[in-house]
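Participant: Below is start-v8.pdb; it holds PDB, C-alpha atoms.
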ATOM      1  CA  MET Q   1      37.806  17.639 -33.628  1.00  0.00           C
ATOM      2  CA  SER Q   2      36.873  18.553 -30.090  1.00  0.00           C
ATOM      3  CA  PRO Q   3      33.389  20.005 -30.849  1.00  0.00           C
ATOM      4  CA  LYS Q   4      32.529  16.805 -32.601  1.00  0.00           C
ATOM      5  CA  LYS Q   5      33.550  14.852 -29.571  1.00  0.00           C
ATOM      6  CA  SER Q   6      31.310  16.829 -27.230  1.00  0.00           C
ATOM      7  CA  GLU Q   7      28.405  16.401 -29.619  1.00  0.00           C
ATOM      8  CA  ALA Q   8      28.799  12.686 -29.404  1.00  0.00           C
ATOM      9  CA  VAL Q   9      28.814  12.864 -25.631  1.00  0.00           C
ATOM     10  CA  THR Q  10      25.589  14.882 -25.595  1.00  0.00           C
ATOM     11  CA  GLU Q  11      23.962  12.286 -27.752  1.00  0.00           C
ATOM     12  CA  VAL Q  12      24.945   9.512 -25.393  1.00  0.00           C
ATOM     13  CA  VAL Q  13      23.502  11.409 -22.419  1.00  0.00           C
ATOM     14  CA  GLU Q  14      20.198  11.869 -24.238  1.00  0.00           C
ATOM     15  CA  VAL Q  15      19.980   8.224 -25.093  1.00  0.00           C
ATOM     16  CA  VAL Q  16      20.656   7.242 -21.505  1.00  0.00           C
ATOM     17  CA  GLU Q  17      17.967   9.612 -20.226  1.00  0.00           C
ATOM     18  CA  GLU Q  18      15.449   8.318 -22.688  1.00  0.00           C
ATOM     19  CA  LYS Q  19      16.271   4.794 -21.706  1.00  0.00           C
ATOM     20  CA  SER Q  20      15.832   5.375 -17.983  1.00  0.00           C
ATOM     21  CA  GLU Q  21      12.492   7.073 -18.595  1.00  0.00           C
ATOM     22  CA  LYS Q  22      11.394   4.148 -20.668  1.00  0.00           C
ATOM     23  CA  ASN Q  23      12.640   1.846 -17.934  1.00  0.00           C
ATOM     24  CA  LEU Q  24      10.554   3.635 -15.343  1.00  0.00           C
ATOM     25  CA  ALA Q  25       7.396   3.400 -17.415  1.00  0.00           C
ATOM     26  CA  ALA Q  26       8.073  -0.246 -18.197  1.00  0.00           C
ATOM     27  CA  ARG Q  27       8.828  -0.965 -14.560  1.00  0.00           C
ATOM     28  CA  LEU Q  28       5.648   0.741 -13.357  1.00  0.00           C
ATOM     29  CA  GLU Q  29       3.688  -1.167 -15.960  1.00  0.00           C
ATOM     30  CA  GLU Q  30       5.174  -4.421 -14.708  1.00  0.00           C
ATOM     31  CA  GLU Q  31       4.365  -3.374 -11.136  1.00  0.00           C
ATOM     32  CA  GLY Q  32       0.769  -2.781 -12.147  1.00  0.00           C
ATOM     33  CA  ASP Q  33       0.498  -6.171 -13.827  1.00  0.00           C
ATOM     34  CA  VAL Q  34       1.965  -8.085 -10.887  1.00  0.00           C
ATOM     35  CA  ALA Q  35      -0.238  -6.186  -8.447  1.00  0.00           C
ATOM     36  CA  ALA Q  36      -3.353  -6.782 -10.553  1.00  0.00           C
ATOM     37  CA  ASP Q  37      -2.667 -10.539 -10.635  1.00  0.00           C
ATOM     38  CA  TYR Q  38      -2.296 -10.612  -6.865  1.00  0.00           C
ATOM     39  CA  LEU Q  39      -5.499  -8.646  -6.305  1.00  0.00           C
ATOM     40  CA  GLU Q  40      -7.459 -10.580  -8.898  1.00  0.00           C
ATOM     41  CA  GLY Q  41      -6.466 -13.829  -7.201  1.00  0.00           C
ATOM     42  CA  LEU Q  42      -7.764 -12.497  -3.908  1.00  0.00           C
ATOM     43  CA  LEU Q  43     -11.078 -11.347  -5.402  1.00  0.00           C
ATOM     44  CA  ASP Q  44     -11.543 -14.716  -7.126  1.00  0.00           C
ATOM     45  CA  ILE Q  45     -10.983 -16.707  -3.963  1.00  0.00           C
ATOM     46  CA  ALA Q  46     -13.239 -14.431  -1.924  1.00  0.00           C
ATOM     47  CA  ASP Q  47     -15.845 -14.648  -4.705  1.00  0.00           C
ATOM     48  CA  LEU Q  48     -16.052 -10.870  -5.026  1.00  0.00           C
ATOM     49  CA  ASP Q  49     -16.821  -8.963  -8.205  1.00  0.00           C
ATOM     50  CA  GLY Q  50     -14.484  -6.140  -9.063  1.00  0.00           C
ATOM     51  CA  ASP Q  51     -12.889  -4.567 -12.108  1.00  0.00           C
ATOM     52  CA  ILE Q  52      -9.258  -3.621 -11.701  1.00  0.00           C
ATOM     53  CA  GLU Q  53      -7.907  -0.596 -13.498  1.00  0.00           C
ATOM     54  CA  ILE Q  54      -4.162  -0.072 -13.786  1.00  0.00           C
ATOM     55  CA  GLY Q  55      -2.541   3.297 -14.347  1.00  0.00           C
ATOM     56  CA  ILE Q  56       0.482   5.460 -13.693  1.00  0.00           C
ATOM     57  CA  GLU Q  57       0.291   8.683 -11.708  1.00  0.00           C
ATOM     58  CA  ASN Q  58       3.137  10.855 -10.377  1.00  0.00           C
ATOM     59  CA  ASP Q  59       5.699   8.132 -11.138  1.00  0.00           C
ATOM     60  CA  ARG Q  60       3.729   5.537  -9.229  1.00  0.00           C
ATOM     61  CA  ALA Q  61       1.700   2.586 -10.375  1.00  0.00           C
ATOM     62  CA  THR Q  62      -1.951   3.016  -9.448  1.00  0.00           C
ATOM     63  CA  LEU Q  63      -4.611   0.360  -9.186  1.00  0.00           C
ATOM     64  CA  SER Q  64      -8.261   0.865  -8.517  1.00  0.00           C
ATOM     65  CA  ILE Q  65     -10.851  -1.804  -7.902  1.00  0.00           C
ATOM     66  CA  GLU Q  66     -14.430  -0.932  -8.715  1.00  0.00           C
ATOM     67  CA  GLY Q  67     -17.018  -3.372  -7.501  1.00  0.00           C
ATOM     68  CA  GLY Q  68     -19.722  -1.452  -5.688  1.00  0.00           C
ATOM     69  CA  GLU Q  69     -19.940  -3.971  -2.875  1.00  0.00           C
ATOM     70  CA  LEU Q  70     -16.447  -3.836  -1.480  1.00  0.00           C
ATOM     71  CA  ASN Q  71     -16.995  -1.708   1.626  1.00  0.00           C
ATOM     72  CA  HIS Q  72     -15.583  -4.422   3.838  1.00  0.00           C
ATOM     73  CA  LEU Q  73     -12.338  -4.320   1.814  1.00  0.00           C
ATOM     74  CA  VAL Q  74     -12.016  -0.618   2.606  1.00  0.00           C
ATOM     75  CA  GLY Q  75     -12.819  -0.923   6.303  1.00  0.00           C
ATOM     76  CA  ARG Q  76     -13.062   1.709   8.970  1.00  0.00           C
ATOM     77  CA  GLU Q  77     -10.945   4.718   7.999  1.00  0.00           C
ATOM     78  CA  GLY Q  78      -9.593   2.662   5.106  1.00  0.00           C
ATOM     79  CA  GLU Q  79      -7.763   0.347   7.484  1.00  0.00           C
ATOM     80  CA  VAL Q  80      -8.375  -2.774   5.382  1.00  0.00           C
ATOM     81  CA  LEU Q  81      -7.577  -0.919   2.156  1.00  0.00           C
ATOM     82  CA  ASP Q  82      -4.226   0.191   3.613  1.00  0.00           C
ATOM     83  CA  SER Q  83      -3.454  -3.400   4.609  1.00  0.00           C
ATOM     84  CA  ILE Q  84      -4.287  -4.752   1.150  1.00  0.00           C
ATOM     85  CA  GLN Q  85      -2.127  -2.015  -0.379  1.00  0.00           C
ATOM     86  CA  GLU Q  86       0.741  -2.930   1.925  1.00  0.00           C
ATOM     87  CA  LEU Q  87       0.543  -6.627   1.033  1.00  0.00           C
ATOM     88  CA  THR Q  88       0.258  -5.826  -2.672  1.00  0.00           C
ATOM     89  CA  ARG Q  89       3.418  -3.687  -2.473  1.00  0.00           C
ATOM     90  CA  LEU Q  90       5.214  -6.609  -0.856  1.00  0.00           C
ATOM     91  CA  ALA Q  91       3.948  -8.987  -3.541  1.00  0.00           C
ATOM     92  CA  VAL Q  92       5.375  -6.660  -6.196  1.00  0.00           C
ATOM     93  CA  GLN Q  93       8.673  -6.411  -4.326  1.00  0.00           C
ATOM     94  CA  THR Q  94       8.871 -10.197  -4.101  1.00  0.00           C
ATOM     95  CA  ALA Q  95       8.225 -10.578  -7.815  1.00  0.00           C
ATOM     96  CA  THR Q  96      10.399  -7.747  -9.138  1.00  0.00           C
ATOM     97  CA  GLY Q  97      13.020  -7.329  -6.418  1.00  0.00           C
ATOM     98  CA  GLU Q  98      12.265  -3.599  -6.305  1.00  0.00           C
ATOM     99  CA  ARG Q  99      10.453  -1.634  -3.655  1.00  0.00           C
ATOM    100  CA  SER Q 100       7.017  -0.517  -4.776  1.00  0.00           C
ATOM    101  CA  ARG Q 101       5.156   2.686  -3.918  1.00  0.00           C
ATOM    102  CA  LEU Q 102       1.996   1.696  -5.738  1.00  0.00           C
ATOM    103  CA  MET Q 103      -1.286   3.258  -4.686  1.00  0.00           C
ATOM    104  CA  LEU Q 104      -4.433   1.187  -4.384  1.00  0.00           C
ATOM    105  CA  ASP Q 105      -7.972   2.531  -4.294  1.00  0.00           C
ATOM    106  CA  ILE Q 106     -11.218   0.643  -3.813  1.00  0.00           C
ATOM    107  CA  ASP Q 107     -14.578   2.056  -4.876  1.00  0.00           C
ATOM    108  CA  GLY Q 108     -13.156   5.581  -4.939  1.00  0.00           C
ATOM    109  CA  PHE Q 109     -12.365   5.708  -1.224  1.00  0.00           C
ATOM    110  CA  ARG Q 110      -9.091   7.588  -1.669  1.00  0.00           C
ATOM    111  CA  VAL Q 111     -10.481   9.898  -4.335  1.00  0.00           C
ATOM    112  CA  ASN Q 112     -13.317  10.933  -2.000  1.00  0.00           C
ATOM    113  CA  LYS Q 113     -10.991  11.209   0.946  1.00  0.00           C
ATOM    114  CA  LYS Q 114      -8.659  13.384  -1.094  1.00  0.00           C
ATOM    115  CA  GLU Q 115     -11.497  15.743  -2.007  1.00  0.00           C
ATOM    116  CA  ASN Q 116     -12.615  16.050   1.605  1.00  0.00           C
ATOM    117  CA  LEU Q 117      -9.052  16.684   2.790  1.00  0.00           C
ATOM    118  CA  SER Q 118      -8.456  19.306   0.099  1.00  0.00           C
ATOM    119  CA  GLU Q 119     -11.606  21.104   1.204  1.00  0.00           C
ATOM    120  CA  LEU Q 120     -10.431  20.956   4.802  1.00  0.00           C
ATOM    121  CA  ALA Q 121      -6.998  22.304   3.811  1.00  0.00           C
ATOM    122  CA  LEU Q 122      -8.553  25.246   1.930  1.00  0.00           C
ATOM    123  CA  LYS Q 123     -10.735  26.093   4.921  1.00  0.00           C
ATOM    124  CA  ILE Q 124      -7.731  25.999   7.265  1.00  0.00           C
ATOM    125  CA  ALA Q 125      -5.700  28.122   4.819  1.00  0.00           C
ATOM    126  CA  GLU Q 126      -8.431  30.800   4.957  1.00  0.00           C
ATOM    127  CA  GLU Q 127      -8.333  30.697   8.768  1.00  0.00           C
ATOM    128  CA  VAL Q 128      -4.560  31.013   8.886  1.00  0.00           C
ATOM    129  CA  LYS Q 129      -4.547  33.876   6.395  1.00  0.00           C
ATOM    130  CA  ALA Q 130      -7.208  35.690   8.403  1.00  0.00           C
ATOM    131  CA  SER Q 131      -5.623  35.192  11.828  1.00  0.00           C
ATOM    132  CA  GLY Q 132      -1.933  35.177  10.875  1.00  0.00           C
ATOM    133  CA  GLU Q 133      -1.466  32.315  13.308  1.00  0.00           C
ATOM    134  CA  SER Q 134      -0.463  28.729  12.583  1.00  0.00           C
ATOM    135  CA  VAL Q 135      -3.008  25.949  12.913  1.00  0.00           C
ATOM    136  CA  LYS Q 136      -2.217  22.380  13.931  1.00  0.00           C
ATOM    137  CA  LEU Q 137      -4.396  19.661  12.424  1.00  0.00           C
ATOM    138  CA  ALA Q 138      -5.415  16.316  13.885  1.00  0.00           C
ATOM    139  CA  PRO Q 139      -2.999  13.361  13.482  1.00  0.00           C
ATOM    140  CA  MET Q 140      -3.065  11.907   9.977  1.00  0.00           C
ATOM    141  CA  ASN Q 141      -1.364   9.139   8.034  1.00  0.00           C
ATOM    142  CA  ALA Q 142       1.240   9.818   5.347  1.00  0.00           C
ATOM    143  CA  PHE Q 143      -1.265   9.835   2.493  1.00  0.00           C
ATOM    144  CA  GLU Q 144      -3.556  12.306   4.251  1.00  0.00           C
ATOM    145  CA  ARG Q 145      -0.691  14.614   5.204  1.00  0.00           C
ATOM    146  CA  LYS Q 146       0.541  14.678   1.629  1.00  0.00           C
ATOM    147  CA  VAL Q 147      -2.872  15.763   0.358  1.00  0.00           C
ATOM    148  CA  ILE Q 148      -2.929  18.573   2.942  1.00  0.00           C
ATOM    149  CA  HIS Q 149       0.644  19.709   2.108  1.00  0.00           C
ATOM    150  CA  ASP Q 150      -0.074  19.691  -1.642  1.00  0.00           C
ATOM    151  CA  THR Q 151      -3.251  21.741  -1.227  1.00  0.00           C
ATOM    152  CA  ILE Q 152      -1.677  24.215   1.204  1.00  0.00           C
ATOM    153  CA  GLN Q 153       1.202  24.780  -1.189  1.00  0.00           C
ATOM    154  CA  LYS Q 154      -1.269  25.881  -3.868  1.00  0.00           C
ATOM    155  CA  THR Q 155      -2.704  28.536  -1.521  1.00  0.00           C
ATOM    156  CA  GLY Q 156       0.701  30.222  -1.179  1.00  0.00           C
ATOM    157  CA  LEU Q 157       1.074  29.231   2.473  1.00  0.00           C
ATOM    158  CA  SER Q 158       3.452  26.609   3.772  1.00  0.00           C
ATOM    159  CA  SER Q 159       3.035  23.647   6.071  1.00  0.00           C
ATOM    160  CA  GLU Q 160       5.140  21.135   7.919  1.00  0.00           C
ATOM    161  CA  SER Q 161       4.630  17.869   9.752  1.00  0.00           C
ATOM    162  CA  GLU Q 162       5.510  17.359  13.379  1.00  0.00           C
ATOM    163  CA  GLY Q 163       5.439  14.504  15.891  1.00  0.00           C
ATOM    164  CA  GLU Q 164       5.888  10.799  15.318  1.00  0.00           C
ATOM    165  CA  ASP Q 165       3.472   8.344  13.725  1.00  0.00           C
ATOM    166  CA  PRO Q 166       0.696   7.615  14.581  1.00  0.00           C
ATOM    167  CA  ASP Q 167       0.456  11.082  16.176  1.00  0.00           C
ATOM    168  CA  ARG Q 168       2.222  12.927  13.368  1.00  0.00           C
ATOM    169  CA  CYS Q 169       0.221  15.929  12.232  1.00  0.00           C
ATOM    170  CA  VAL Q 170       0.381  18.832   9.827  1.00  0.00           C
ATOM    171  CA  VAL Q 171       0.897  22.396  10.984  1.00  0.00           C
ATOM    172  CA  VAL Q 172      -0.212  25.113   8.559  1.00  0.00           C
ATOM    173  CA  LEU Q 173       1.999  28.188   8.843  1.00  0.00           C
ATOM    174  CA  PRO Q 174       1.085  31.825   8.117  1.00  0.00           C
ATOM    175  CA  ALA Q 175       2.778  33.450   5.118  1.00  0.00           C
TER     176      ALA Q 175
ATOM    177  CA  MET J   1     -12.340 -20.151   1.488  1.00  0.00           C
ATOM    178  CA  ILE J   2     -10.640 -18.021   4.122  1.00  0.00           C
ATOM    179  CA  ASP J   3      -7.691 -20.417   4.364  1.00  0.00           C
ATOM    180  CA  GLU J   4      -7.309 -20.222   0.576  1.00  0.00           C
ATOM    181  CA  ALA J   5      -7.405 -16.425   0.711  1.00  0.00           C
ATOM    182  CA  LEU J   6      -4.685 -16.377   3.359  1.00  0.00           C
ATOM    183  CA  GLU J   7      -2.633 -18.903   1.409  1.00  0.00           C
ATOM    184  CA  HIS J   8      -2.816 -16.696  -1.677  1.00  0.00           C
ATOM    185  CA  LEU J   9      -1.864 -13.563   0.273  1.00  0.00           C
ATOM    186  CA  VAL J  10       1.129 -15.258   1.918  1.00  0.00           C
ATOM    187  CA  LYS J  11       2.386 -17.121  -1.144  1.00  0.00           C
ATOM    188  CA  GLY J  12       2.607 -13.859  -3.047  1.00  0.00           C
ATOM    189  CA  ILE J  13       4.958 -12.245  -0.547  1.00  0.00           C
ATOM    190  CA  VAL J  14       7.447 -15.021   0.245  1.00  0.00           C
ATOM    191  CA  ASP J  15      10.464 -16.409  -1.608  1.00  0.00           C
ATOM    192  CA  ASN J  16       9.435 -20.036  -1.016  1.00  0.00           C
ATOM    193  CA  PRO J  17       5.716 -20.159  -1.853  1.00  0.00           C
ATOM    194  CA  GLU J  18       5.749 -23.929  -2.322  1.00  0.00           C
ATOM    195  CA  GLU J  19       6.552 -24.308   1.373  1.00  0.00           C
ATOM    196  CA  VAL J  20       3.569 -22.357   2.645  1.00  0.00           C
ATOM    197  CA  VAL J  21       1.181 -24.591   4.562  1.00  0.00           C
ATOM    198  CA  ILE J  22      -2.050 -23.377   6.121  1.00  0.00           C
ATOM    199  CA  SER J  23      -4.049 -25.305   8.676  1.00  0.00           C
ATOM    200  CA  GLU J  24      -7.398 -24.218   9.990  1.00  0.00           C
ATOM    201  CA  LYS J  25      -8.517 -24.879  13.523  1.00  0.00           C
ATOM    202  CA  ASP J  26     -12.042 -24.133  14.598  1.00  0.00           C
ATOM    203  CA  HIS J  27     -12.720 -23.740  18.256  1.00  0.00           C
ATOM    204  CA  ARG J  28     -15.463 -22.313  20.392  1.00  0.00           C
ATOM    205  CA  ARG J  29     -14.170 -18.785  20.238  1.00  0.00           C
ATOM    206  CA  GLY J  30     -13.657 -18.721  16.508  1.00  0.00           C
ATOM    207  CA  THR J  31     -11.112 -19.754  13.941  1.00  0.00           C
ATOM    208  CA  THR J  32      -7.343 -19.892  14.099  1.00  0.00           C
ATOM    209  CA  LEU J  33      -5.330 -20.178  10.915  1.00  0.00           C
ATOM    210  CA  GLU J  34      -1.814 -21.468  11.335  1.00  0.00           C
ATOM    211  CA  VAL J  35       0.605 -20.457   8.622  1.00  0.00           C
ATOM    212  CA  ARG J  36       3.849 -22.382   8.254  1.00  0.00           C
ATOM    213  CA  VAL J  37       6.499 -20.775   6.121  1.00  0.00           C
ATOM    214  CA  HIS J  38      10.118 -21.506   5.247  1.00  0.00           C
ATOM    215  CA  PRO J  39      12.401 -20.215   8.057  1.00  0.00           C
ATOM    216  CA  GLU J  40      13.911 -17.678   5.627  1.00  0.00           C
ATOM    217  CA  ASP J  41      10.471 -16.203   5.044  1.00  0.00           C
ATOM    218  CA  ILE J  42       9.328 -15.762   8.631  1.00  0.00           C
ATOM    219  CA  GLY J  43      10.732 -12.226   8.756  1.00  0.00           C
ATOM    220  CA  LYS J  44       8.898 -11.340   5.577  1.00  0.00           C
ATOM    221  CA  VAL J  45       5.490 -12.436   6.816  1.00  0.00           C
ATOM    222  CA  ILE J  46       5.945 -10.712  10.156  1.00  0.00           C
ATOM    223  CA  GLY J  47       7.439  -7.500   8.777  1.00  0.00           C
ATOM    224  CA  ARG J  48       8.968  -4.548  10.556  1.00  0.00           C
ATOM    225  CA  ASN J  49       7.255  -4.128  13.949  1.00  0.00           C
ATOM    226  CA  GLY J  50       4.831  -6.882  12.966  1.00  0.00           C
ATOM    227  CA  ARG J  51       3.371  -4.681  10.278  1.00  0.00           C
ATOM    228  CA  THR J  52       2.899  -7.415   7.684  1.00  0.00           C
ATOM    229  CA  ALA J  53       1.441  -9.862  10.208  1.00  0.00           C
ATOM    230  CA  LYS J  54      -1.056  -7.189  11.212  1.00  0.00           C
ATOM    231  CA  ALA J  55      -1.968  -6.502   7.590  1.00  0.00           C
ATOM    232  CA  LEU J  56      -2.555 -10.222   6.984  1.00  0.00           C
ATOM    233  CA  ARG J  57      -4.822 -10.458  10.048  1.00  0.00           C
ATOM    234  CA  THR J  58      -6.748  -7.332   9.087  1.00  0.00           C
ATOM    235  CA  VAL J  59      -7.421  -8.469   5.518  1.00  0.00           C
ATOM    236  CA  VAL J  60      -8.297 -12.041   6.462  1.00  0.00           C
ATOM    237  CA  SER J  61     -10.705 -10.916   9.190  1.00  0.00           C
ATOM    238  CA  ALA J  62     -12.325  -8.433   6.792  1.00  0.00           C
ATOM    239  CA  ILE J  63     -12.878 -11.102   4.151  1.00  0.00           C
ATOM    240  CA  ALA J  64     -14.133 -13.629   6.696  1.00  0.00           C
ATOM    241  CA  GLY J  65     -16.471 -11.048   8.195  1.00  0.00           C
ATOM    242  CA  ARG J  66     -15.355 -12.052  11.661  1.00  0.00           C
ATOM    243  CA  SER J  67     -12.217 -11.957  13.752  1.00  0.00           C
ATOM    244  CA  VAL J  68      -9.783 -14.657  12.654  1.00  0.00           C
ATOM    245  CA  ARG J  69      -6.619 -15.477  14.526  1.00  0.00           C
ATOM    246  CA  VAL J  70      -3.564 -15.891  12.332  1.00  0.00           C
ATOM    247  CA  ASP J  71      -0.499 -17.602  13.788  1.00  0.00           C
ATOM    248  CA  LEU J  72       2.742 -17.410  11.838  1.00  0.00           C
ATOM    249  CA  ILE J  73       5.130 -20.284  12.403  1.00  0.00           C
ATOM    250  CA  GLU J  74       8.520 -21.328  11.044  1.00  0.00           C
ATOM    251  CA  ALA J  75       8.131 -24.633   9.202  1.00  0.00           C
ATOM    252  CA  ASP J  76      11.028 -26.163  11.175  1.00  0.00           C
ATOM    253  CA  GLU J  77       9.284 -25.883  14.530  1.00  0.00           C
ATOM    254  CA  ALA J  78       7.876 -29.047  16.040  1.00  0.00           C
ATOM    255  CA  ARG J  79       4.097 -29.317  15.858  1.00  0.00           C
TER     256      ARG J  79
END
Could you rewrite the structure in this file as structure tokens?
Facilitator:
Amino acid sequence: MSPKKSEAVTEVVEVVEEKSEKNLAARLEEEGDVAADYLEGLLDIADLDGDIEIGIENDRATLSIEGGELNHLVGREGEVLDSIQELTRLAVQTATGERSRLMLDIDGFRVNKKENLSELALKIAEEVKASGESVKLAPMNAFERKVIHDTIQKTGLSSESEGEDPDRCVVVLPA
Amino acid sequence: MIDEALEHLVKGIVDNPEEVVISEKDHRRGTTLEVRVHPEDIGKVIGRNGRTAKALRTVVSAIAGRSVRVDLIEADEAR
């Protein structure tokens, strides 16, 4: 009698897990759709050409706009891009009632930035391994710091952030 | 166009989009866009530490290709 009972319980747990996973995917898909509508509306009004691609990466909705002539929507250091991303997250939150962590890219700005930061992180990792001393990097935003942390982790070293935004920076520690 | 862009951006992030009213004022030094929103929404368009207001200004100026002033006002205030 009792083994049967526990079997039933296991089954219920599995169903619940499956459901929440499905919920997450469905929720991220909805996030992507709402965000794409918001962005498309903006492009239409501003009379800008751009194709919007929606995806899911690391449990986040991702949107990328490819237009070729959208430099002004990226801005210096991606300042405009960050602002559009911020507003798009709020638009999703207003529509769904849930906080959004969606990531927006325009004309590959973040992809390129990520590559450059990864290269920088690898170079710093070599330096730290050679000298055995920690190295403090220039202040970076949350996205940039995450790229550095992720890359450093792959080199077998560790890193931490210190200071407060906007002066918060990554320190790469020797092994 | 720029007033429409701002209207779209604001309407998407408030709970009372039908109460968003934009008025454009051109003056010698440039353009000011006044945004009136429902009193319940003023916090939303300003954001923590003015973060959302700043984002709105940044995006609108980028699209306009020039610096645009954006004033956020509660709809109840006298004109």
Participant: Report the residues retrieved by the ChimeraX specification (/Q :<6) & /J from the displayed file, expressed as a count of residues only.
Facilitator: 6
Participant: Quick one: everything within 9 Å of segment 151-168 of chain Q, counting all atoms listed in the file, minus sequence neighbours fewer than 6 positions away in the same chain. Send it as a list in words.
Facilitator: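 Listed by chain and then number, they are Leu117, Ser118, Glu119, Ala121, Leu122, Ile124, Ala125, Glu126, Val128, Lys129, Ser134, Ala138, Pro139, Met140, Asn141, Ala142, Arg145, Pro174 and Ala175 of chain Q.
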Participant: Which residues, named as in the file, does the PyMOL selection byres ((chain J and resi 69) around 10) pick out? Answer as a list in words.
Facilitator: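 Applying the PyMOL selection byres ((chain J and resi 69) around 10) to the structure shown produces Glu24, Lys25, Gly30, Thr31, Thr32, Leu33, Glu34, Arg57, Thr58, Val60, Ser61, Arg66, Ser67, Val68, Val70, Asp71 and Leu72 of chain J.
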Participant: So which residues get picked by the PyMOL selection byres ((chain Q and resi 68) around 10) here, written as a list in words?
Facilitator: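 Applied to this file, the PyMOL selection byres ((chain Q and resi 68) around 10) selects Asp49, Gly50, Asp51, Ile65, Glu66, Gly67, Glu69, Leu70, Asn71, Ile106, Asp107 and Gly108 of chain Q.
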Participant: Using all atoms listed in the file, determine which residues lie at most 12 Å from Glu18 of chain J, disregarding the query and same-chain residues fewer than 2 positions distant; provide the list as a PyMOL selection string.
Facilitator: chain J and resi 7-8+10-16+20-22+36-38+41+75
Participant: Restricting the calculation to all atoms listed in the file: of J:Asp76, J:Ala64, J:Asp3, J:Pro17, which residue gets closest to Lys44 of chain J?
Facilitator: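 Of all the options, J:Pro17 lies closest to Lys44 of chain J.
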Participant: Give me, please, the distance in Å between atom CA of Val171 of chain Q and atom CA of Ile148 of chain Q, quoted to one decimal.
Facilitator: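 Computing the Euclidean distance for atom CA of Val171 of chain Q and atom CA of Ile148 of chain Q yields 9.7 Å.
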Participant: Rounded to one decimal in Å, what is the spacing between atom CA of Ala53 of chain J and atom CA of Glu74 of chain J?
Facilitator: 13.5 Å
Participant: Between Q:Gly132, Q:Ala36, Q:Val111, Q:Glu127, which one has atoms that come closest to Val147 of chain Q, using all atoms listed in the file?
Facilitator: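 With all atoms listed in the file as the atom set, the closest residue is Q:Val111.
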Participant: Closest to Leu6 of chain J among J:His27, J:Leu56, J:Glu19, J:Ile42, using only C-alpha atoms?
Facilitator: J:Leu56
Participant: One number please: atom CA of Ser64 of chain Q to atom CA of Ala25 of chain Q, in Å, one decimal.
Facilitator: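 Going from atom CA of Ser64 of chain Q over to atom CA of Ala25 of chain Q, I get 18.2 Å.
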Participant: As AutoDock Vina command-line options, what would the box around segment 36-50 of chain Q look like: edges along x, y and z, 5 Å added on every side, centre and edge lengths in Å to one decimal?
Facilitator:
--center_x -9.6 --center_y -11.4 --center_z -6.3 --size_x 24.5 --size_y 20.6 --size_z 18.7
